[in-house]
$ cat start22.cif   # mmCIF, C-alpha atoms
data_upload
loop_
_atom_site.label_atom_id
_atom_site.label_comp_id
_atom_site.auth_asym_id
_atom_site.auth_seq_id
_atom_site.Cartn_x
_atom_site.Cartn_y
_atom_site.Cartn_z
CA MET A 1 -3.81 -83.73 -76.64
CA ASN A 2 -5.64 -80.83 -74.98
CA VAL A 3 -5.82 -80.28 -71.23
CA THR A 4 -8.22 -77.90 -69.52
CA ALA A 5 -9.42 -77.27 -65.98
CA ALA A 6 -13.06 -77.52 -65.04
CA GLY A 7 -15.18 -76.85 -61.99
CA GLU A 8 -18.83 -77.68 -61.47
CA ASP A 9 -20.23 -79.59 -64.44
CA ARG A 10 -22.34 -82.58 -65.34
CA LEU A 11 -20.25 -84.76 -63.04
CA GLY A 12 -21.65 -83.01 -59.99
CA ASP A 13 -19.85 -81.82 -56.90
CA LEU A 14 -16.56 -83.67 -57.28
CA GLY A 15 -14.31 -80.72 -56.61
CA GLU A 16 -11.68 -79.45 -59.02
CA LEU A 17 -11.59 -81.36 -62.29
CA VAL A 18 -9.09 -81.64 -65.14
CA VAL A 19 -10.23 -82.60 -68.65
CA VAL A 20 -7.81 -84.35 -71.01
CA GLU A 21 -8.81 -84.71 -74.67
CA GLY A 22 -7.19 -87.09 -77.13
CA ASP A 23 -6.58 -86.38 -80.80
CA ASP A 24 -9.23 -88.95 -81.78
CA GLY A 25 -12.00 -87.26 -79.78
CA SER A 26 -11.62 -89.44 -76.69
CA GLN A 27 -11.66 -87.74 -73.31
CA VAL A 28 -10.88 -88.36 -69.65
CA VAL A 29 -11.97 -86.26 -66.70
CA VAL A 30 -9.90 -86.42 -63.52
CA ALA A 31 -10.84 -85.17 -60.06
CA LEU A 32 -7.90 -83.86 -58.03
CA HIS A 33 -9.60 -85.58 -55.10
CA GLY A 34 -7.75 -88.87 -55.38
CA ALA A 35 -6.40 -88.18 -58.91
CA HIS A 36 -9.56 -90.08 -59.64
CA VAL A 37 -10.53 -90.72 -63.26
CA VAL A 38 -14.28 -90.10 -63.17
CA SER A 39 -15.01 -90.31 -66.90
CA TRP A 40 -13.49 -91.87 -69.99
CA ARG A 41 -15.30 -91.38 -73.27
CA ALA A 42 -14.17 -93.44 -76.25
CA ARG A 43 -15.89 -94.90 -79.31
CA GLY A 44 -18.71 -92.41 -78.81
CA ARG A 45 -19.81 -93.55 -75.36
CA GLU A 46 -18.92 -93.41 -71.69
CA GLN A 47 -16.77 -96.40 -70.74
CA LEU A 48 -16.69 -95.99 -66.96
CA PHE A 49 -19.42 -96.20 -64.33
CA LEU A 50 -19.93 -93.29 -61.92
CA SER A 51 -22.61 -93.42 -59.25
CA THR A 52 -25.28 -90.71 -59.35
CA ARG A 53 -24.55 -90.33 -55.62
CA ALA A 54 -20.79 -89.94 -55.99
CA THR A 55 -19.43 -87.15 -53.80
CA VAL A 56 -16.27 -85.84 -52.19
CA GLU A 57 -18.06 -84.42 -49.16
CA ASN A 58 -16.47 -85.30 -45.82
CA ALA A 59 -13.39 -86.50 -47.75
CA SER A 60 -15.26 -89.58 -48.91
CA ALA A 61 -14.02 -91.78 -51.73
CA ILE A 62 -15.71 -91.30 -55.10
CA ARG A 63 -17.90 -94.27 -56.03
CA GLY A 64 -17.01 -95.34 -59.55
CA GLY A 65 -14.41 -94.36 -62.12
CA ILE A 66 -10.84 -95.45 -61.34
CA PRO A 67 -9.82 -94.99 -57.70
CA VAL A 68 -6.14 -95.37 -56.80
CA CYS A 69 -5.89 -97.77 -53.86
CA PHE A 70 -2.63 -97.27 -51.93
CA PRO A 71 -0.83 -98.29 -49.72
CA GLN A 72 -3.39 -100.90 -48.73
CA PHE A 73 -5.88 -102.97 -50.67
CA ALA A 74 -9.29 -103.27 -48.97
CA GLY A 75 -8.95 -104.08 -45.28
CA LEU A 76 -5.69 -106.02 -45.59
CA GLY A 77 -3.82 -103.89 -43.07
CA PRO A 78 -4.15 -101.27 -40.32
CA LEU A 79 -5.16 -98.31 -42.51
CA PRO A 80 -8.68 -97.25 -43.53
CA LYS A 81 -10.09 -99.39 -46.34
CA HIS A 82 -8.07 -99.03 -49.57
CA GLY A 83 -5.62 -96.59 -47.96
CA PHE A 84 -5.30 -92.81 -48.24
CA ALA A 85 -4.48 -92.10 -51.90
CA ARG A 86 -8.09 -92.20 -53.13
CA THR A 87 -9.22 -89.53 -50.64
CA ALA A 88 -6.16 -87.24 -50.70
CA THR A 89 -5.86 -84.11 -52.83
CA TRP A 90 -3.30 -84.63 -55.58
CA GLU A 91 -1.35 -81.97 -57.47
CA HIS A 92 -1.80 -81.56 -61.22
CA LEU A 93 1.66 -81.19 -62.75
CA GLY A 94 0.32 -80.26 -66.16
CA GLY A 95 -0.59 -82.42 -69.11
CA SER A 96 -2.01 -85.68 -67.83
CA ARG A 97 0.32 -86.14 -64.86
CA PHE A 98 -0.71 -86.02 -61.20
CA VAL A 99 1.41 -86.39 -58.06
CA LEU A 100 0.90 -87.02 -54.35
CA SER A 101 3.66 -86.78 -51.75
CA ALA A 102 3.34 -88.26 -48.27
CA GLY A 103 5.60 -87.78 -45.27
CA PRO A 104 5.96 -89.94 -42.17
CA THR A 105 3.36 -87.86 -40.32
CA SER A 106 0.89 -87.25 -43.18
CA TRP A 107 -1.44 -90.15 -42.36
CA ALA A 108 -1.90 -92.06 -39.14
CA GLY A 109 -0.58 -95.59 -39.45
CA TRP A 110 1.78 -94.77 -42.36
CA PRO A 111 5.19 -93.69 -40.96
CA HIS A 112 6.93 -93.48 -44.35
CA ALA A 113 7.85 -90.92 -46.99
CA CYS A 114 6.77 -91.70 -50.52
CA ARG A 115 5.72 -90.06 -53.76
CA LEU A 116 3.02 -91.32 -56.11
CA THR A 117 2.74 -90.26 -59.74
CA LEU A 118 -0.22 -91.06 -61.97
CA ASP A 119 0.18 -90.66 -65.72
CA LEU A 120 -2.80 -91.03 -68.07
CA LEU A 121 -2.16 -91.94 -71.70
CA LEU A 122 -4.96 -91.67 -74.26
CA GLY A 123 -4.74 -93.60 -77.51
CA PRO A 124 -7.23 -94.73 -80.16
CA SER A 125 -9.93 -96.35 -78.01
CA THR A 126 -7.41 -96.92 -75.20
CA LEU A 127 -6.70 -95.48 -71.78
CA THR A 128 -3.51 -96.42 -69.96
CA CYS A 129 -3.12 -95.52 -66.29
CA VAL A 130 0.49 -95.68 -65.06
CA LEU A 131 1.11 -95.53 -61.30
CA THR A 132 4.65 -94.94 -60.05
CA VAL A 133 5.54 -95.34 -56.36
CA GLU A 134 8.84 -93.93 -55.07
CA ASN A 135 10.38 -94.47 -51.65
CA ILE A 136 11.80 -91.07 -50.72
CA GLY A 137 12.28 -91.87 -47.04
CA ILE A 138 14.98 -93.61 -45.04
CA ASP A 139 13.26 -96.92 -44.32
CA ALA A 140 11.89 -99.68 -46.53
CA PHE A 141 8.14 -100.08 -46.76
CA ALA A 142 5.66 -102.59 -48.17
CA PHE A 143 2.38 -101.86 -49.89
CA THR A 144 -0.59 -103.41 -51.61
CA GLY A 145 -3.04 -101.60 -53.85
CA ALA A 146 -5.00 -101.42 -57.07
CA LEU A 147 -6.37 -99.38 -59.91
CA HIS A 148 -9.97 -100.07 -58.88
CA THR A 149 -11.55 -99.74 -62.33
CA TYR A 150 -15.37 -99.59 -62.63
CA LEU A 151 -16.39 -100.47 -66.19
CA SER A 152 -19.83 -99.33 -67.29
CA CYS A 153 -22.33 -101.98 -68.40
CA ASP A 154 -26.04 -102.13 -69.13
CA ASP A 155 -26.66 -105.15 -66.88
CA VAL A 156 -23.91 -107.01 -65.04
CA ARG A 157 -25.99 -110.18 -65.22
CA ASN A 158 -25.18 -110.31 -68.94
CA VAL A 159 -21.43 -109.77 -68.47
CA SER A 160 -18.80 -112.49 -68.57
CA ILE A 161 -15.09 -112.18 -67.72
CA SER A 162 -12.58 -114.33 -69.59
CA GLY A 163 -8.82 -114.75 -69.36
CA LEU A 164 -8.67 -116.00 -65.77
CA ASP A 165 -9.39 -119.70 -66.26
CA GLY A 166 -7.07 -121.85 -64.14
CA CYS A 167 -5.72 -118.99 -62.02
CA SER A 168 -5.61 -119.30 -58.24
CA VAL A 169 -7.98 -117.29 -56.05
CA HIS A 170 -6.75 -115.50 -52.90
CA ALA A 171 -9.52 -117.04 -50.79
CA GLY A 172 -8.71 -120.52 -52.09
CA GLY A 173 -9.50 -122.61 -55.15
CA THR A 174 -9.08 -121.77 -58.81
CA VAL A 175 -11.12 -120.05 -61.50
CA VAL A 176 -12.93 -122.48 -63.79
CA GLY A 177 -13.96 -121.08 -67.18
CA ASP A 178 -15.38 -117.57 -67.47
CA ILE A 179 -16.62 -115.56 -64.50
CA GLY A 180 -20.31 -114.62 -64.56
CA PHE A 181 -22.59 -112.87 -62.11
CA GLY A 182 -25.64 -115.12 -62.07
CA ASP A 183 -28.87 -113.43 -61.07
CA GLY A 184 -26.96 -110.61 -59.38
CA VAL A 185 -28.54 -111.09 -55.95
CA LEU A 186 -25.26 -111.78 -54.16
CA ASP A 187 -21.93 -110.01 -54.51
CA VAL A 188 -19.07 -111.43 -56.56
CA ASP A 189 -15.66 -110.54 -55.12
CA MET A 190 -12.67 -112.52 -56.42
CA SER A 191 -8.99 -111.69 -56.00
CA VAL A 192 -7.29 -113.69 -58.75
CA LEU A 193 -3.56 -114.24 -58.36
CA SER A 194 -0.66 -114.18 -60.82
CA VAL A 195 -2.72 -113.42 -63.91
CA PRO A 196 -0.62 -114.26 -66.99
CA GLY A 197 -2.38 -112.31 -69.77
CA VAL A 198 -5.18 -110.00 -70.75
CA VAL A 199 -8.66 -110.07 -69.21
CA VAL A 200 -11.73 -109.48 -71.36
CA ALA A 201 -15.14 -108.21 -70.24
CA SER A 202 -17.88 -109.17 -72.73
CA GLY A 203 -21.61 -108.40 -72.85
CA LEU A 204 -21.24 -104.82 -71.62
CA THR A 205 -24.03 -103.38 -73.78
CA GLN A 206 -27.38 -104.84 -74.77
CA ASP A 207 -27.46 -103.31 -78.24
CA ASP A 208 -24.01 -104.50 -79.32
CA SER A 209 -23.19 -108.11 -78.55
CA LYS A 210 -19.61 -107.55 -79.70
CA ALA A 211 -18.93 -104.68 -77.30
CA ARG A 212 -16.20 -105.60 -74.86
CA THR A 213 -13.25 -104.15 -72.99
CA VAL A 214 -9.81 -105.73 -72.99
CA CYS A 215 -7.74 -105.08 -69.87
CA ALA A 216 -3.97 -105.55 -69.90
CA GLN A 217 -1.58 -104.76 -67.08
CA THR A 218 2.08 -104.59 -66.11
CA GLY A 219 3.63 -104.51 -62.64
CA PHE A 220 0.42 -105.54 -60.92
CA PRO A 221 0.41 -109.35 -60.56
CA ASP A 222 -3.23 -109.86 -59.56
CA VAL A 223 -6.71 -109.00 -60.82
CA VAL A 224 -9.79 -108.32 -58.72
CA VAL A 225 -13.26 -108.91 -60.20
CA TRP A 226 -16.11 -107.38 -58.22
CA ASN A 227 -19.76 -106.44 -58.28
CA VAL A 228 -21.63 -105.65 -55.08
CA GLY A 229 -24.85 -107.44 -56.01
CA ARG A 230 -28.42 -106.40 -55.32
CA GLU A 231 -28.60 -107.16 -51.61
CA LEU A 232 -25.46 -105.31 -50.51
CA GLY A 233 -25.94 -102.61 -53.15
CA ALA A 234 -29.28 -101.63 -51.64
CA ARG A 235 -27.48 -100.78 -48.39
CA MET A 236 -24.76 -98.59 -49.92
CA SER A 237 -25.52 -94.91 -49.37
CA ASP A 238 -23.31 -93.74 -52.26
CA LEU A 239 -24.88 -96.04 -54.84
CA GLY A 240 -28.09 -95.05 -56.61
CA ASP A 241 -31.17 -97.25 -56.74
CA GLY A 242 -30.50 -100.24 -58.96
CA GLU A 243 -27.04 -99.00 -59.95
CA TRP A 244 -25.42 -102.23 -58.77
CA LYS A 245 -26.39 -103.57 -62.21
CA SER A 246 -24.50 -100.87 -64.07
CA TYR A 247 -20.87 -101.73 -63.41
CA VAL A 248 -18.27 -104.46 -63.20
CA CYS A 249 -14.90 -103.90 -61.58
CA ILE A 250 -11.77 -105.33 -63.18
CA GLU A 251 -8.88 -104.12 -61.08
CA ALA A 252 -5.16 -104.37 -61.72
CA ALA A 253 -4.00 -105.18 -58.22
CA THR A 254 -1.36 -106.31 -55.77
CA VAL A 255 -3.23 -108.34 -53.16
CA HIS A 256 -1.48 -111.55 -52.20
CA ALA A 257 2.19 -110.54 -51.82
CA PRO A 258 2.97 -106.93 -50.83
CA THR A 259 5.54 -105.07 -52.89
CA VAL A 260 8.60 -104.01 -50.85
CA LEU A 261 10.52 -100.85 -51.73
CA GLU A 262 13.91 -100.17 -50.19
CA ARG A 263 15.23 -96.64 -49.76
CA THR A 264 15.44 -94.75 -53.12
CA GLN A 265 13.72 -97.61 -54.99
CA SER A 266 10.67 -97.12 -57.19
CA TRP A 267 7.95 -99.34 -58.62
CA ARG A 268 5.68 -98.89 -61.62
CA GLY A 269 2.41 -100.59 -62.49
CA SER A 270 -0.08 -99.93 -65.28
CA GLN A 271 -3.45 -100.92 -66.63
CA THR A 272 -4.47 -100.43 -70.26
CA LEU A 273 -8.15 -100.47 -71.20
CA LEU A 274 -9.11 -101.09 -74.82
CA ALA A 275 -12.74 -100.40 -75.74
CA MET A 276 -13.93 -102.55 -78.65
#

$ encode --input "start22.cif" --output "structure tokens"
Amino acid sequence: MNVTAAGEDRLGDLGELVVVEGDDGSQVVVALHGAHVVSWRARGREQLFLSTRATVENASAIRGGIPVCFPQFAGLGPLPKHGFARTATWEHLGGSRFVLSAGPTSWAGWPHACRLTLDLLLGPSTLTCVLTVENIGIDAFAFTGALHTYLSCDDVRNVSISGLDGCSVHAGGTVVGDIGFGDGVLDVDMSVLSVPGVVVASGLTQDDSKARTVCAQTGFPDVVVWNVGRELGARMSDLGDGEWKSYVCIEAATVHAPTVLERTQSWRGSQTLLAM
């Protein structure tokens, strides 16, 4: 595995970047802004979506890739949407390890001390993201979060998500069969609870009907499936014209029941992506 630093490149103005290359020719690119994976190349093609309007200006979150959502998923709490980890500057510890430390006064609304570590493991056609959360303060705290993975696709209207049949949905009801995206006019946003096995995204490319990505996770109990749809996508300033069609999010997540860490305790969650 080779690791190099990079600055301005084809990914645009995303700040300081770190490039990690696997022995099989695969590659990930990570922005220190958020320890955000902005590219993963495997099997000869880009596997992740990144908006052409992605930016880190004004400390904004990068649209696409794999944001780290912590210590809050979406708006389920008092913090800004998806918490502070995805907009903070992380430290590169060398290799493919990144760390972020927070004190009780680092972010408004988060009076706790914690340390986050993100490890990226490249294998043959696989990328594993391992997030470790440590309580280094004196009080217990609870958190929700996700690895908010944007998979690249040619047209989300051709994508189907399997592996969630029969699972409960946070908003109520259960998943029946595979999840599709219809005509793509409206957004699809489903927080699926207590997912027992792998999730498979099929129909990602038009020229290869067998192309799919298998997503497996540990630690995270839930999975979020999301696409913004045409109507909402047209109003998003950090999404290019028509780019709503070009991604599907499959997120390893903790949504329904927050994880509680007592003093000195740690938690670890991972998501493995297999490109096929």

$ closest_residue --input "start22.cif" --among "A:Gly163, A:Gly180, A:Gly145, A:Gly44" --to "A:Phe73" --atoms "only C-alpha atoms"
A:Gly145

$ residues_near_point --input "start22.cif" --point "(-10.9, -86.6, -77.3)" --cutoff "9 Å" --atoms "all atoms listed in the file" --output "list in words"
Met1, Asn2, Val20, Glu21, Gly22, Asp23, Asp24, Gly25, Ser26, Gln27, Val28, Arg41, Ala42 and Leu122 of chain A

$ resolve_selection --input "start22.cif" --expression "the PyMOL selection byres ((chain A and resi 103-111) around 8)" --output "ChimeraX atom specification"
/A:78-79,84,101-102,112-114

$ write_last_selection --input "start22.cif" --atoms "C-alpha atoms" --output "CSV table (one decimal), in the coordinates of the input"
chain,number,residue,atom,x,y,z
A,78,PRO,CA,-4.2,-101.3,-40.3
A,79,LEU,CA,-5.2,-98.3,-42.5
A,84,PHE,CA,-5.3,-92.8,-48.2
A,101,SER,CA,3.7,-86.8,-51.8
A,102,ALA,CA,3.3,-88.3,-48.3
A,112,HIS,CA,6.9,-93.5,-44.4
A,113,ALA,CA,7.8,-90.9,-47.0
A,114,CYS,CA,6.8,-91.7,-50.5

$ residues_around --input "start22.cif" --residues "stretch 127-144 of chain A" --least-positions-apart "4" --cutoff "9 Å" --atoms "all atoms listed in the file" --output "MDAnalysis selection string"
chainID A and resid 28 40 42 68:73 76 82 103:104 112:123 253:275

$ resolve_selection --input "start22.cif" --expression "the PyMOL selection byres ((chain A and resi 232) around 12)" --output "PyMOL selection string"
chain A and resi 184-188+227-231+233-239+241-245

$ closest_residue --input "start22.cif" --among "A:Gly177, A:Asn158, A:Gly219, A:Val225" --to "A:Ser191" --atoms "all atoms listed in the file"
A:Val225

$ resolve_selection --input "start22.cif" --expression "the PyMOL selection byres ((chain A and resi 202-214) around 9)" --output "PyMOL selection string"
chain A and resi 47+151-162+198-201+215-216+247-248+272-276

$ atom_distance --input "start22.cif" --atom1 "atom CA of A:Asn58" --atom2 "atom CA of A:Asp189"
26.9 Å

$ atom_distance --input "start22.cif" --atom1 "atom CA of A:Ala59" --atom2 "atom CA of A:Asp222"
28.1 Å

$ atom_distance --input "start22.cif" --atom1 "atom CA of A:Ala35" --atom2 "atom CA of A:Ala252"
16.5 Å

$ residues_near_point --input "start22.cif" --point "(-19.8, -90.4, -58.4)" --cutoff "7 Å" --atoms "only C-alpha atoms" --output "MDAnalysis selection string"
chainID A and resid 50:55 62:64

$ residues_around --input "start22.cif" --residues "A:Gly34" --least-positions-apart "2" --cutoff "6 Å" --atoms "only C-alpha atoms" --output "CSV table (one decimal) with C-alpha atoms, in the frame of the given file"
chain,number,residue,atom,x,y,z
A,32,LEU,CA,-7.9,-83.9,-58.0
A,36,HIS,CA,-9.6,-90.1,-59.6
A,85,ALA,CA,-4.5,-92.1,-51.9
A,86,ARG,CA,-8.1,-92.2,-53.1
A,87,THR,CA,-9.2,-89.5,-50.6
A,88,ALA,CA,-6.2,-87.2,-50.7
A,89,THR,CA,-5.9,-84.1,-52.8

$ closest_residue --input "start22.cif" --among "A:Phe220, A:Trp90, A:Trp226, A:Tyr150" --to "A:His33" --atoms "all atoms listed in the file"
A:Trp90

$ closest_residue --input "start22.cif" --among "A:Gly83, A:Val30, A:Gly15, A:Phe98" --to "A:Val56" --atoms "all atoms listed in the file"
A:Gly15

$ closest_residue --input "start22.cif" --among "A:Ile179, A:Ala146, A:Ala74, A:Val18" --to "A:Glu251" --atoms "all atoms listed in the file"
A:Ala146

$ axis_aligned_box --input "start22.cif" --around "stretch 21-36 of chain A" --padding-each-side "4 Å" --output "JSON"
{"center_x": -9.2, "center_y": -87.0, "center_z": -68.4, "size_x": 13.6, "size_y": 14.2, "size_z": 34.7}
